[in-house]
$ cat entry.cif   # mmCIF, C-alpha atoms
data_data
loop_
_atom_site.label_atom_id
_atom_site.label_comp_id
_atom_site.auth_asym_id
_atom_site.auth_seq_id
_atom_site.Cartn_x
_atom_site.Cartn_y
_atom_site.Cartn_z
CA MET A 233 0.00 0.00 0.00
CA ASN A 234 1.12 3.57 -0.59
CA ARG A 235 1.60 6.24 2.06
CA ASP A 236 -1.94 7.66 1.85
CA GLN A 237 -3.50 4.19 1.99
CA ARG A 238 -1.33 3.26 4.95
CA ILE A 239 -2.31 6.33 6.97
CA ALA A 240 -5.98 5.82 6.17
CA ALA A 241 -5.71 2.21 7.32
CA LEU A 242 -3.84 3.24 10.45
CA ASN A 243 -6.49 5.83 11.30
CA ALA A 244 -9.18 3.20 10.87
CA GLU A 245 -7.29 0.91 13.24
CA MET A 246 -6.84 3.70 15.79
CA ALA A 247 -10.59 4.25 15.88
CA LYS A 248 -10.98 0.62 16.97
CA ARG A 249 -8.01 -0.06 19.23
CA ILE A 250 -4.96 1.42 20.95
CA LEU A 251 -1.99 1.53 18.59
CA THR A 252 1.51 0.57 19.68
CA LEU A 253 4.84 2.30 19.11
CA ASP A 254 8.32 0.82 19.46
CA GLY A 255 10.65 1.33 22.43
CA SER A 256 14.15 2.62 23.04
CA MET A 257 16.70 2.79 20.25
CA GLY A 258 19.78 4.05 22.13
CA ALA A 259 19.51 1.84 25.19
CA TYR A 260 18.78 -1.22 23.06
CA LEU A 261 21.79 -0.51 20.84
CA GLN A 262 24.05 -0.65 23.90
CA GLY A 263 23.43 -4.39 24.02
CA PHE A 264 25.14 -4.86 20.65
CA GLY A 265 28.55 -3.96 22.10
CA LEU A 266 29.39 -1.55 19.30
CA THR A 267 32.97 -0.24 19.23
CA THR A 268 34.39 3.04 18.00
CA ASN A 269 35.35 1.27 14.78
CA ASP A 270 31.74 0.19 14.30
CA PHE A 271 30.54 3.77 14.50
CA HIS A 272 33.21 4.99 12.06
CA GLY A 273 32.81 2.09 9.63
CA THR A 274 34.98 2.22 6.53
CA ARG A 275 33.53 5.47 5.22
CA PHE A 276 34.48 7.58 8.25
CA ILE A 277 37.62 5.72 9.29
CA GLU A 278 39.73 8.86 8.91
CA HIS A 279 37.24 11.24 10.51
CA PRO A 280 39.25 13.56 12.81
CA MET A 281 37.18 12.97 15.94
CA SER A 282 35.56 10.03 17.71
CA LEU A 283 32.09 9.15 16.48
CA LYS A 284 31.29 6.63 19.19
CA GLY A 285 27.85 7.31 20.62
CA ASN A 286 26.53 8.97 17.46
CA ASN A 287 23.71 6.47 17.06
CA ASP A 288 22.14 8.28 14.10
CA LEU A 289 25.27 7.65 12.03
CA LEU A 290 24.78 3.90 12.34
CA VAL A 291 22.19 4.00 9.55
CA LEU A 292 25.17 4.65 7.25
CA THR A 293 27.90 2.61 8.96
CA GLN A 294 25.94 -0.31 10.49
CA PRO A 295 22.57 -0.44 8.68
CA GLU A 296 22.14 -4.15 9.41
CA THR A 297 22.20 -3.42 13.15
CA ILE A 298 19.50 -0.78 12.84
CA THR A 299 17.38 -3.19 10.80
CA LYS A 300 17.77 -5.78 13.57
CA VAL A 301 16.42 -3.26 16.10
CA HIS A 302 13.43 -2.39 13.91
CA SER A 303 12.72 -6.07 13.28
CA ALA A 304 12.84 -6.89 16.99
CA TYR A 305 10.14 -4.32 17.71
CA LEU A 306 8.08 -5.41 14.72
CA ASN A 307 8.29 -8.96 16.05
CA ALA A 308 6.88 -7.59 19.31
CA GLY A 309 3.80 -6.56 17.34
CA VAL A 310 4.05 -2.76 17.05
CA ASP A 311 2.08 -0.66 14.58
CA ILE A 312 4.57 2.21 14.34
CA ILE A 313 8.37 2.18 14.03
CA SER A 314 10.36 5.35 14.66
CA THR A 315 13.41 6.22 12.58
CA ASN A 316 16.90 6.35 14.05
CA THR A 317 17.13 10.12 13.56
CA PHE A 318 16.65 11.62 17.02
CA SER A 319 19.77 13.81 16.65
CA ALA A 320 19.91 13.99 12.85
CA THR A 321 19.97 17.76 12.48
CA ARG A 322 22.84 20.10 11.63
CA ILE A 323 22.74 21.59 15.12
CA SER A 324 23.20 18.22 16.82
CA GLN A 325 25.54 16.66 14.26
CA ALA A 326 27.83 19.69 14.45
CA GLU A 327 29.17 18.17 17.66
CA TYR A 328 30.63 15.40 15.48
CA ALA A 329 31.53 17.65 12.50
CA LEU A 330 29.05 15.70 10.36
CA GLU A 331 26.71 18.45 9.21
CA ASP A 332 27.23 17.50 5.55
CA VAL A 333 25.70 14.02 5.91
CA VAL A 334 22.56 15.06 7.80
CA TYR A 335 20.24 14.83 4.80
CA GLU A 336 21.65 11.44 3.83
CA ILE A 337 21.23 10.11 7.37
CA ASN A 338 17.54 11.01 7.36
CA VAL A 339 16.86 9.54 3.93
CA GLU A 340 18.61 6.26 4.74
CA ALA A 341 17.07 5.99 8.22
CA ALA A 342 13.57 6.35 6.79
CA LYS A 343 14.36 3.80 4.06
CA LEU A 344 15.62 1.25 6.59
CA ALA A 345 12.50 1.65 8.73
CA ARG A 346 10.23 1.55 5.67
CA ASP A 347 11.88 -1.61 4.31
CA ALA A 348 11.50 -3.33 7.69
CA CYS A 349 7.85 -2.35 7.92
CA ASP A 350 7.15 -3.41 4.33
CA ALA A 351 8.47 -6.89 5.09
CA TYR A 352 5.93 -7.30 7.91
CA GLU A 353 3.08 -5.68 5.99
CA ALA A 354 3.64 -8.22 3.23
CA LYS A 355 3.11 -11.07 5.70
CA ASP A 356 -0.34 -10.15 6.97
CA GLY A 357 -1.50 -6.93 5.27
CA ARG A 358 -1.62 -5.00 8.55
CA PRO A 359 -0.26 -1.47 8.09
CA ARG A 360 3.01 -0.58 9.82
CA ALA A 361 3.80 3.12 9.77
CA VAL A 362 7.17 4.84 9.91
CA ALA A 363 7.36 7.83 12.25
CA GLY A 364 10.19 10.18 11.36
CA ALA A 365 11.80 10.93 14.73
CA ILE A 366 12.66 14.61 15.19
CA GLY A 367 14.44 15.33 18.46
CA PRO A 368 14.78 18.60 20.39
CA THR A 369 18.39 19.32 19.24
CA THR A 370 21.15 20.29 21.66
CA LYS A 371 20.06 23.96 21.80
CA LEU A 372 17.17 25.81 23.45
CA LEU A 373 15.39 28.77 21.90
CA SER A 374 13.55 29.94 25.03
CA MET A 375 16.32 29.68 27.60
CA SER A 376 19.92 30.71 28.06
CA PRO A 377 22.53 27.99 28.57
CA GLU A 378 24.30 30.30 31.04
CA VAL A 379 22.73 31.43 34.31
CA GLY A 380 24.81 34.59 34.40
CA ASP A 381 23.69 35.66 30.92
CA PRO A 382 19.91 35.17 30.70
CA GLY A 383 19.65 36.85 27.30
CA ARG A 384 22.06 34.52 25.57
CA ARG A 385 20.84 32.09 22.92
CA ASP A 386 23.01 29.61 21.05
CA SER A 387 20.61 29.43 18.10
CA ASP A 388 17.67 31.35 16.68
CA PHE A 389 14.27 30.37 15.33
CA ASP A 390 15.15 30.68 11.65
CA THR A 391 18.39 28.71 11.94
CA MET A 392 16.73 25.94 13.88
CA ALA A 393 13.77 25.82 11.49
CA LYS A 394 16.09 25.51 8.47
CA GLY A 395 17.87 22.64 10.19
CA TYR A 396 14.60 20.90 10.92
CA GLU A 397 13.43 21.48 7.35
CA GLU A 398 16.51 19.71 5.98
CA GLN A 399 15.80 16.78 8.28
CA ILE A 400 12.13 16.61 7.34
CA LEU A 401 12.82 16.75 3.61
CA GLY A 402 15.13 13.76 4.04
CA LEU A 403 12.53 11.85 6.06
CA ILE A 404 9.87 12.50 3.43
CA GLU A 405 12.17 11.33 0.62
CA GLY A 406 13.07 8.19 2.57
CA GLY A 407 9.43 7.18 3.03
CA ALA A 408 8.31 8.34 6.47
CA ASP A 409 4.55 8.28 7.01
CA ILE A 410 4.30 10.52 10.09
CA LEU A 411 6.49 13.24 11.60
CA LEU A 412 7.13 12.70 15.32
CA ILE A 413 8.46 15.88 16.96
CA GLU A 414 9.47 14.32 20.24
CA THR A 415 11.05 14.76 23.67
CA ILE A 416 10.22 18.46 23.54
CA THR A 417 11.56 20.36 26.53
CA ASP A 418 11.28 23.82 24.93
CA THR A 419 8.01 24.60 23.16
CA LEU A 420 9.64 27.18 20.91
CA ASN A 421 11.85 24.42 19.51
CA ALA A 422 8.69 22.45 18.73
CA LYS A 423 7.18 25.47 17.01
CA SER A 424 10.27 25.82 14.81
CA ALA A 425 9.94 22.14 13.86
CA LEU A 426 6.27 22.64 13.00
CA TRP A 427 7.15 25.66 10.85
CA ALA A 428 9.82 23.58 9.14
CA ALA A 429 7.31 20.82 8.44
CA TRP A 430 4.92 23.23 6.75
CA GLU A 431 7.78 24.63 4.65
CA ALA A 432 8.76 21.10 3.62
CA PHE A 433 5.15 20.24 2.79
CA ASP A 434 4.93 23.28 0.51
CA LYS A 435 8.16 22.34 -1.29
CA THR A 436 7.36 18.65 -1.79
CA GLY A 437 3.60 18.66 -2.16
CA VAL A 438 3.57 15.87 0.46
CA GLU A 439 1.77 16.51 3.74
CA LEU A 440 2.33 14.08 6.59
CA PRO A 441 0.43 13.77 9.89
CA LEU A 442 2.04 15.73 12.70
CA TRP A 443 2.67 14.17 16.11
CA VAL A 444 4.17 16.18 18.97
CA SER A 445 5.42 14.61 22.21
CA GLY A 446 6.57 16.73 25.12
CA THR A 447 8.69 15.92 28.14
CA ILE A 448 7.83 16.69 31.75
CA THR A 449 11.20 16.96 33.41
CA ASP A 450 10.21 16.26 37.02
CA ARG A 451 7.26 15.89 39.38
CA SER A 452 6.47 19.61 39.17
CA GLY A 453 4.51 18.74 36.03
CA ARG A 454 6.26 21.26 33.81
CA THR A 455 8.45 21.19 30.75
CA LEU A 456 12.02 22.46 31.04
CA SER A 457 10.86 25.81 29.67
CA GLY A 458 8.27 25.99 32.47
CA GLN A 459 4.93 25.14 30.90
CA THR A 460 2.28 22.93 32.43
CA VAL A 461 0.88 20.13 30.29
CA GLU A 462 -2.25 22.07 29.36
CA ALA A 463 -0.24 25.19 28.53
CA PHE A 464 2.03 23.09 26.32
CA TYR A 465 -1.01 21.70 24.51
CA ASN A 466 -2.51 25.16 24.05
CA SER A 467 0.76 26.30 22.49
CA VAL A 468 0.66 23.73 19.69
CA ARG A 469 -3.05 22.88 19.28
CA HIS A 470 -3.30 25.23 16.28
CA ALA A 471 -1.15 22.83 14.26
CA ASP A 472 -4.03 20.42 13.54
CA LEU A 473 -2.08 17.62 15.18
CA TRP A 474 -2.60 13.95 14.42
CA ALA A 475 -1.50 13.15 17.98
CA ILE A 476 0.06 14.73 21.03
CA GLY A 477 1.68 13.01 23.96
CA LEU A 478 4.33 12.69 26.62
CA ASN A 479 7.55 10.72 26.58
CA CYS A 480 10.89 10.24 28.33
CA ALA A 481 12.14 11.77 31.62
CA LEU A 482 9.58 10.09 33.88
CA GLY A 483 8.69 6.48 34.55
CA PRO A 484 5.08 5.34 34.17
CA GLN A 485 4.13 5.90 37.81
CA ASP A 486 5.18 9.56 37.78
CA MET A 487 3.80 10.24 34.30
CA ARG A 488 0.27 9.10 35.05
CA ALA A 489 -1.16 12.34 36.51
CA PHE A 490 0.23 14.46 33.67
CA LEU A 491 -1.03 12.03 31.05
CA ALA A 492 -4.50 12.38 32.59
CA ASP A 493 -4.25 16.18 32.31
CA LEU A 494 -3.35 15.93 28.63
CA SER A 495 -6.00 13.34 27.89
CA ARG A 496 -8.67 15.58 29.39
CA VAL A 497 -8.02 18.50 27.01
CA ALA A 498 -6.53 17.08 23.80
CA GLU A 499 -8.85 17.18 20.80
CA CYS A 500 -6.65 14.69 18.93
CA ALA A 501 -5.13 11.29 19.72
CA VAL A 502 -2.97 11.03 22.87
CA SER A 503 0.23 9.02 23.13
CA ALA A 504 2.47 8.00 26.01
CA TYR A 505 5.87 6.37 25.95
CA PRO A 506 7.60 6.67 29.30
CA ASN A 507 11.02 5.51 30.39
CA ALA A 508 11.36 2.16 32.13
CA GLY A 509 11.39 4.10 35.39
CA LEU A 510 13.99 6.64 36.46
CA PRO A 511 17.65 5.66 36.15
CA ASN A 512 19.01 4.07 39.32
CA ALA A 513 22.41 4.70 40.93
CA MET A 514 24.06 2.50 38.29
CA GLY A 515 22.35 4.30 35.40
CA ALA A 516 20.07 1.32 34.70
CA TYR A 517 16.27 1.21 34.57
CA ASP A 518 14.32 -0.79 37.14
CA GLU A 519 10.87 -1.13 35.57
CA THR A 520 10.49 -4.65 34.24
CA PRO A 521 8.24 -5.67 31.33
CA HIS A 522 5.78 -7.10 33.88
CA SER A 523 5.73 -4.02 36.11
CA MET A 524 5.24 -1.67 33.17
CA GLU A 525 2.46 -3.86 31.81
CA ALA A 526 0.40 -3.12 34.92
CA HIS A 527 0.73 0.64 34.38
CA TYR A 528 -0.24 0.46 30.71
CA ALA A 529 -3.23 -1.72 31.52
CA GLU A 530 -4.51 0.80 34.07
CA TRP A 531 -3.98 3.74 31.68
CA ALA A 532 -5.85 1.93 28.94
CA ARG A 533 -8.80 1.00 31.18
CA ALA A 534 -8.95 4.61 32.43
CA GLY A 535 -9.42 5.82 28.85
CA LEU A 536 -6.17 7.80 28.65
CA LEU A 537 -4.54 6.26 25.58
CA ASN A 538 -4.67 6.10 21.81
CA ILE A 539 -1.01 5.22 21.23
CA ALA A 540 1.33 3.45 23.67
CA GLY A 541 5.08 2.90 23.43
CA GLY A 542 8.31 3.01 25.40
CA CYS A 543 11.28 5.35 25.77
CA CYS A 544 14.65 5.02 27.54
CA GLY A 545 15.34 1.59 28.99
CA THR A 546 12.47 -0.19 27.26
CA THR A 547 13.14 -3.25 25.10
CA PRO A 548 11.14 -5.40 22.69
CA GLU A 549 10.10 -7.49 25.70
CA HIS A 550 8.70 -4.38 27.42
CA ILE A 551 6.81 -3.50 24.26
CA GLU A 552 5.39 -6.98 23.85
CA HIS A 553 4.00 -6.84 27.39
CA MET A 554 2.67 -3.34 26.74
CA ARG A 555 0.86 -4.56 23.63
CA HIS A 556 -0.81 -7.32 25.63
CA ALA A 557 -1.79 -4.77 28.31
CA VAL A 558 -3.75 -2.58 25.88
CA GLU A 559 -5.08 -5.34 23.64
CA GLY A 560 -8.85 -5.39 23.39
CA VAL A 561 -9.30 -2.17 25.40
CA THR A 562 -11.43 0.58 23.87
CA PRO A 563 -9.25 3.52 22.83
CA ARG A 564 -9.62 6.97 24.33
CA LYS A 565 -12.12 9.33 22.71
CA PRO A 566 -10.65 12.76 21.84
CA ALA A 567 -12.00 15.70 23.80
CA ALA A 568 -14.89 17.55 22.21
CA HIS A 569 -13.87 20.58 20.19
CA ASP A 570 -13.75 23.71 22.32
CA GLY A 571 -14.04 26.82 20.17
CA ARG A 572 -13.06 29.21 22.95
CA LEU A 573 -9.82 31.17 22.69
CA LYS A 574 -7.07 29.21 24.42
CA LEU A 575 -3.69 30.81 25.12
CA ALA A 576 -0.64 29.88 27.11
CA GLY A 577 2.34 31.33 28.85
CA LEU A 578 3.64 29.10 31.59
CA GLU A 579 0.01 28.48 32.56
CA PRO A 580 -3.03 27.89 30.30
CA PHE A 581 -5.64 30.59 29.71
CA THR A 582 -9.14 30.01 28.33
CA ALA A 583 -11.27 33.01 27.42
CA ALA A 584 -14.84 33.16 28.66
CA ALA A 585 -17.44 32.03 26.14
#
$ encode --input "entry.cif" --output "structure tokens"
Amino acid sequence: MNRDQRIAALNAEMAKRILTLDGSMGAYLQGFGLTTNDFHGTRFIEHPMSLKGNNDLLVLTQPETITKVHSAYLNAGVDIISTNTFSATRISQAEYALEDVVYEINVEAAKLARDACDAYEAKDGRPRAVAGAIGPTTKLLSMSPEVGDPGRRDSDFDTMAKGYEEQILGLIEGGADILLIETITDTLNAKSALWAAWEAFDKTGVELPLWVSGTITDRSGRTLSGQTVEAFYNSVRHADLWAIGLNCALGPQDMRAFLADLSRVAECAVSAYPNAGLPNAMGAYDETPHSMEAHYAEWARAGLLNIAGGCCGTTPEHIEHMRHAVEGVTPRKPAAHDGRLKLAGLEPFTAAA
């Protein structure tokens, strides 16, 4: 099936059941024991700096490994696979002096994910969508990186938007079905990514569903730039989103209250893909597949979910248990459209009718 057919089929499925997303890429890759030489491959063997830890580059240097990760999650039964492009922007790749291969990384990452999904679609006809993963970059537009210089910014809206546009054009060419603007700590970064998406849509004539996922950094219930969940939603609701959600930072127990806040107000689908708990003293994650299954099951029964997945520390086993937890449960119904003016600073504001 083509892209439009796949999205239509996926939307039909989402009306009937809770969809599932894959889990961690980075943490799962650690289990492959990749060396510095693996990251460099033959193409970048003479690169002047170490590339170890640049997971996005592996789509060029170790594509078979990335395919193994995608296949493991597809074997777990997911509906959506995310591309290995979380840091595939010029801003983030500048730390490795690899700005010139950013477009290629995104194209190849989307192709690898699409090929893996096509193989499973061919087996049973069930649509598997590719979500082009668009991370927050290493810069913030709303905050200074230096306490003593609050006015300082290390990037600006236009520069960041151009970087996101390059990434999105590559994802579209490679075959992504959805754009997932994820792990958003700074809402202005998300807005620049949305602007970039619209620019890319105009240039290509291809318009993909938009999915935004924010990050609540601690139990205060706010993003790093200070917004509450509802304020965050108000800031991006104009974008006619396919889905909005929360991911990363928190484990399922701590995310629950904030997911409920988002589910109450969102007029589109709601997603959640938490970490496998908070990192322990050894940097590992303590939530087991069985313990996370209980959380997902409760969320599903409470009517909070349309899409469920996993973030840092989750594995195909976690995702398989998650899929069983939400199987057969009626998906959440989006909130009724509210035509009142809704604004946001750090807090939400709704004008009187």
$ residues_around --input "entry.cif" --residues "Lys355 (chain A)" --least-positions-apart "6" --cutoff "12 Å" --atoms "all atoms listed in the file" --output "PDB file with C-alpha atoms, in the coordinates of the input"
ATOM      1  CA  LEU A 306       8.080  -5.410  14.720  1.00  0.00           C
ATOM      2  CA  ASN A 307       8.290  -8.960  16.050  1.00  0.00           C
ATOM      3  CA  ALA A 348      11.500  -3.330   7.690  1.00  0.00           C
ATOM      4  CA  CYS A 349       7.850  -2.350   7.920  1.00  0.00           C
TER       5      CYS A 349
END
$ closest_residue --input "entry.cif" --among "A:Asn234, A:Thr321, A:Gly380, A:Pro580" --to "Met392 (chain A)" --atoms "only C-alpha atoms"
A:Thr321
$ closest_residue --input "entry.cif" --among "A:Cys480, A:Ile366, A:Val461, A:Val334" --to "Trp443 (chain A)" --atoms "all atoms listed in the file"
A:Ile366
$ residues_around --input "entry.cif" --residues "Asn269 (chain A)" --least-positions-apart "4" --cutoff "9 Å" --atoms "all atoms listed in the file" --output "number ranges by chain"
A: 273-274, 277, 283-284
$ closest_residue --input "entry.cif" --among "A:Ala534, A:Val561, A:Ala320, A:Ile413" --to "Val468 (chain A)" --atoms "only C-alpha atoms"
A:Ile413
$ atom_distance --input "entry.cif" --atom1 "CA of Ser445 (chain A)" --atom2 "CA of His553 (chain A)"
22.1 Å
$ closest_residue --input "entry.cif" --among "A:Asp347, A:Glu245, A:Glu278, A:Glu525" --to "His302 (chain A)" --atoms "only C-alpha atoms"
A:Asp347
$ atom_distance --input "entry.cif" --atom1 "CA of Ala540 (chain A)" --atom2 "CA of Ala363 (chain A)"
13.6 Å
$ resolve_selection --input "entry.cif" --expression "the PyMOL selection byres ((chain A and resi 267) around 12)" --output "VMD selection string"
chain A and resid 261 to 266 268 to 273 282 to 287 290 293 to 294
$ resolve_selection --input "entry.cif" --expression "the PyMOL selection byres ((chain A and resi 551) around 12)" --output "number ranges by chain"
A: 251-256, 304-313, 505-508, 520-525, 528, 540-543, 545-550, 552-558
$ write_last_selection --input "entry.cif" --atoms "C-alpha atoms" --output "short mmCIF file (atom, residue, chain, number, x, y, z; two decimals), in the frame of the given file"
data_model
loop_
_atom_site.label_atom_id
_atom_site.label_comp_id
_atom_site.auth_asym_id
_atom_site.auth_seq_id
_atom_site.Cartn_x
_atom_site.Cartn_y
_atom_site.Cartn_z
CA LEU A 251 -1.99 1.53 18.59
CA THR A 252 1.51 0.57 19.68
CA LEU A 253 4.84 2.30 19.11
CA ASP A 254 8.32 0.82 19.46
CA GLY A 255 10.65 1.33 22.43
CA SER A 256 14.15 2.62 23.04
CA ALA A 304 12.84 -6.89 16.99
CA TYR A 305 10.14 -4.32 17.71
CA LEU A 306 8.08 -5.41 14.72
CA ASN A 307 8.29 -8.96 16.05
CA ALA A 308 6.88 -7.59 19.31
CA GLY A 309 3.80 -6.56 17.34
CA VAL A 310 4.05 -2.76 17.05
CA ASP A 311 2.08 -0.66 14.58
CA ILE A 312 4.57 2.21 14.34
CA ILE A 313 8.37 2.18 14.03
CA TYR A 505 5.87 6.37 25.95
CA PRO A 506 7.60 6.67 29.30
CA ASN A 507 11.02 5.51 30.39
CA ALA A 508 11.36 2.16 32.13
CA THR A 520 10.49 -4.65 34.24
CA PRO A 521 8.24 -5.67 31.33
CA HIS A 522 5.78 -7.10 33.88
CA SER A 523 5.73 -4.02 36.11
CA MET A 524 5.24 -1.67 33.17
CA GLU A 525 2.46 -3.86 31.81
CA TYR A 528 -0.24 0.46 30.71
CA ALA A 540 1.33 3.45 23.67
CA GLY A 541 5.08 2.90 23.43
CA GLY A 542 8.31 3.01 25.40
CA CYS A 543 11.28 5.35 25.77
CA GLY A 545 15.34 1.59 28.99
CA THR A 546 12.47 -0.19 27.26
CA THR A 547 13.14 -3.25 25.10
CA PRO A 548 11.14 -5.40 22.69
CA GLU A 549 10.10 -7.49 25.70
CA HIS A 550 8.70 -4.38 27.42
CA GLU A 552 5.39 -6.98 23.85
CA HIS A 553 4.00 -6.84 27.39
CA MET A 554 2.67 -3.34 26.74
CA ARG A 555 0.86 -4.56 23.63
CA HIS A 556 -0.81 -7.32 25.63
CA ALA A 557 -1.79 -4.77 28.31
CA VAL A 558 -3.75 -2.58 25.88
#
$ residues_near_point --input "entry.cif" --point "(-8.9, 9.1, 17.6)" --cutoff "7 Å" --atoms "all atoms listed in the file" --output "list in words"
Met246, Ala247, Cys500, Ala501, Asn538, Lys565 and Pro566 of chain A
$ resolve_selection --input "entry.cif" --expression "the PyMOL selection byres ((chain A and resi 346) around 9)" --output "count of residues only"
19
$ atom_distance --input "entry.cif" --atom1 "CA of Gly458 (chain A)" --atom2 "CA of Leu573 (chain A)"
21.2 Å
$ closest_residue --input "entry.cif" --among "A:Glu397, A:Asn316, A:Ala475, A:Gln237" --to "Pro295 (chain A)" --atoms "all atoms listed in the file"
A:Asn316
$ residues_around --input "entry.cif" --residues "Lys371 (chain A)" --least-positions-apart "5" --cutoff "8 Å" --atoms "all atoms listed in the file" --output "VMD selection string"
chain A and resid 323 386 to 387
$ closest_residue --input "entry.cif" --among "A:Ala516, A:Ala354, A:Leu372, A:Val291" --to "Thr391 (chain A)" --atoms "all atoms listed in the file"
A:Leu372
$ residues_around --input "entry.cif" --residues "Leu292 (chain A)" --least-positions-apart "4" --cutoff "10 Å" --atoms "all atoms listed in the file" --output "MDAnalysis selection string"
chainID A and resid 271:273 275:276 288 296 298 333 336:338 340:341
$ residues_around --input "entry.cif" --residues "Ile400 (chain A)" --least-positions-apart "5" --cutoff "10 Å" --atoms "all atoms listed in the file" --output "PDB file with C-alpha atoms, in the frame of the given file"
ATOM      1  CA  ALA A 320      19.910  13.990  12.850  1.00  0.00           C
ATOM      2  CA  THR A 321      19.970  17.760  12.480  1.00  0.00           C
ATOM      3  CA  TYR A 335      20.240  14.830   4.800  1.00  0.00           C
ATOM      4  CA  ASN A 338      17.540  11.010   7.360  1.00  0.00           C
ATOM      5  CA  VAL A 339      16.860   9.540   3.930  1.00  0.00           C
ATOM      6  CA  GLY A 364      10.190  10.180  11.360  1.00  0.00           C
ATOM      7  CA  ALA A 365      11.800  10.930  14.730  1.00  0.00           C
ATOM      8  CA  ILE A 366      12.660  14.610  15.190  1.00  0.00           C
ATOM      9  CA  LYS A 394      16.090  25.510   8.470  1.00  0.00           C
ATOM     10  CA  GLY A 395      17.870  22.640  10.190  1.00  0.00           C
ATOM     11  CA  GLU A 405      12.170  11.330   0.620  1.00  0.00           C
ATOM     12  CA  GLY A 406      13.070   8.190   2.570  1.00  0.00           C
ATOM     13  CA  ALA A 408       8.310   8.340   6.470  1.00  0.00           C
ATOM     14  CA  LEU A 411       6.490  13.240  11.600  1.00  0.00           C
ATOM     15  CA  ALA A 425       9.940  22.140  13.860  1.00  0.00           C
ATOM     16  CA  ALA A 428       9.820  23.580   9.140  1.00  0.00           C
ATOM     17  CA  ALA A 429       7.310  20.820   8.440  1.00  0.00           C
ATOM     18  CA  TRP A 430       4.920  23.230   6.750  1.00  0.00           C
ATOM     19  CA  GLU A 431       7.780  24.630   4.650  1.00  0.00           C
ATOM     20  CA  ALA A 432       8.760  21.100   3.620  1.00  0.00           C
ATOM     21  CA  PHE A 433       5.150  20.240   2.790  1.00  0.00           C
TER      22      PHE A 433
END
$ axis_aligned_box --input "entry.cif" --around "region 377-382 of chain A" --padding-each-side "6 Å" --output "lines of an AutoDock Vina configuration file"
center_x = 22.4
center_y = 31.8
center_z = 31.5
size_x = 16.9
size_y = 19.7
size_z = 17.8
$ decode --input "entry.cif" --residues "region 284-307 of chain A" --atoms "C-alpha atoms" --output "tab-separated table (two decimals), in the first residue's frame"
chain	number	residue	atom	x	y	z
A	284	LYS	CA	31.29	6.63	19.19
A	285	GLY	CA	27.85	7.31	20.62
A	286	ASN	CA	26.53	8.97	17.46
A	287	ASN	CA	23.71	6.47	17.06
A	288	ASP	CA	22.14	8.28	14.10
A	289	LEU	CA	25.27	7.65	12.03
A	290	LEU	CA	24.78	3.90	12.34
A	291	VAL	CA	22.19	4.00	9.55
A	292	LEU	CA	25.17	4.65	7.25
A	293	THR	CA	27.90	2.61	8.96
A	294	GLN	CA	25.94	-0.31	10.49
A	295	PRO	CA	22.57	-0.44	8.68
A	296	GLU	CA	22.14	-4.15	9.41
A	297	THR	CA	22.20	-3.42	13.15
A	298	ILE	CA	19.50	-0.78	12.84
A	299	THR	CA	17.38	-3.19	10.80
A	300	LYS	CA	17.77	-5.78	13.57
A	301	VAL	CA	16.42	-3.26	16.10
A	302	HIS	CA	13.43	-2.39	13.91
A	303	SER	CA	12.72	-6.07	13.28
A	304	ALA	CA	12.84	-6.89	16.99
A	305	TYR	CA	10.14	-4.32	17.71
A	306	LEU	CA	8.08	-5.41	14.72
A	307	ASN	CA	8.29	-8.96	16.05
